[in-house]
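Take a look at the structure set out below.
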Amino acid sequence: MYQSIETMSDVTLLGLLVGQRNAAGLLKRADGSLSRLLCEDSGGDSVPATVLRLRVARELTRRALAETLLARDVLTSPQSVRDYLQVSLTGREHEVFMVLFLDTRHQVITFEEMFRGTLAQTSVYPREVVKRCLTTNAAAVIFAHNHPSGVVEPSQADNMLTQTLRDALALIDVRVLDHFIVAGNGILSFAERGLL
């Protein structure tokens, strides 16, 4: 059965990172081809060890940053938010829209990839965001999405979406604290730009 890096245990990932042959052998026997397992975008072509280790390191970094983010008030550690979003969204070949759901003390309840789109756009449904806010009992949110094009500037559609979401969430007393765009090595904050 096919398993992605995101679903592997930390121990398995660490084994792969340090090059333990047992971890790779176990994965090969359990899940078929290791290259297929770890190279979703290559159509099953073989993955060089360096690329494999970089993917594993990236996933472990994302998990560590997520753990850090869950333990803090996001307003007192904005760099943790930026770091997590940068690692989570950089390098994606399609647009992804994420939401960080926060409690009244601005601590993270959960964060989710809510919508996935194409190279140039993602359809975001305000009704679904509102429903999820009610389900998680969120008091505030932070939005984030990526621009695979590498252009960090918000489009008119990005601005309109942010305003629509802010208005919809205001009806249920949920504050929108920020909306980040991640593109290439850059990250833009709507709040810092005065766009919220």
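Residue names in the structure tokens use chain letters A, B, ... in the order shown, residue numbers from 1 in each chain, and ligand numbers from 1 in the order shown.
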Residues within 9 Å of stretch 109-122 of chain A, only C-alpha atoms, excluding chain neighbours under 2 positions, as a ChimeraX atom specification:
/A:66,70,93-103,106-107,124-125,128-129,136-138,147-149
Test item, helix (DSSP H, G or I) assignment across stretch 81-159 of chain A, answer as number ranges by chain
A: 81-89, 126-136, 156-159
Restricting it to C-alpha atoms, dump the selection as a short mmCIF file (atom, residue, chain, number, x, y, z; two decimals), in the first residue's frame.
data_model
loop_
_atom_site.label_atom_id
_atom_site.label_comp_id
_atom_site.auth_asym_id
_atom_site.auth_seq_id
_atom_site.Cartn_x
_atom_site.Cartn_y
_atom_site.Cartn_z
CA VAL A 81 4.13 31.22 12.16
CA ARG A 82 6.21 32.49 9.23
CA ASP A 83 8.71 29.63 9.54
CA TYR A 84 5.98 27.00 9.64
CA LEU A 85 4.14 28.47 6.65
CA GLN A 86 7.36 28.87 4.67
CA VAL A 87 8.28 25.20 5.14
CA SER A 88 4.71 23.97 4.58
CA LEU A 89 3.90 25.94 1.44
CA PRO A 126 -16.30 30.98 2.83
CA ARG A 127 -19.16 28.77 4.02
CA GLU A 128 -16.73 25.89 4.65
CA VAL A 129 -14.33 28.18 6.53
CA VAL A 130 -17.20 29.44 8.71
CA LYS A 131 -18.36 25.87 9.41
CA ARG A 132 -14.84 24.82 10.41
CA CYS A 133 -14.46 27.84 12.70
CA LEU A 134 -17.66 26.86 14.48
CA THR A 135 -16.57 23.21 14.72
CA THR A 136 -13.17 24.10 16.20
CA GLN A 156 -7.11 41.50 -6.75
CA ALA A 157 -8.78 38.13 -6.19
CA ASP A 158 -6.64 37.58 -3.06
CA ASN A 159 -7.72 40.96 -1.67
#
Nearest to A:Gly91, chosen from A:Ala183, A:Ala170, A:Leu188, A:Leu196, with only C-alpha atoms counted in the distances:
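Looking at the shortest contact to A:Gly91, the residue is A:Ala183.
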At a cut-off of 8 Å, using only C-alpha atoms, what residues contact A:Glu153? Leave out same-chain residues fewer than 2 positions from it and give the result as a VMD selection string.
chain A and resid 151 155 181 188
How many Å separate atom CA of A:Ala139 from atom CA of A:Arg175?
6.5 Å
Mind giving me the straight-line distance from atom CA of A:Val176 to atom CA of A:Arg105 in Å, one decimal?
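It comes out at 13.9 Å.
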Work out how far atom CA of A:His179 is from atom CA of A:His145, in Å to one decimal.
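Atom-to-atom, atom CA of A:His145 to atom CA of A:His179, that is 8.0 Å.
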Counting only C-alpha atoms, what is within 9 Å of A:Ala191, bar same-chain residues fewer than 2 positions away, as a list of chain:residue names?
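Close residues of A:Ala191: A:Leu177, A:Asp178, A:His179, A:Phe180, A:Leu188, A:Ser189, A:Arg193, A:Gly194, A:Leu195, A:Leu196.
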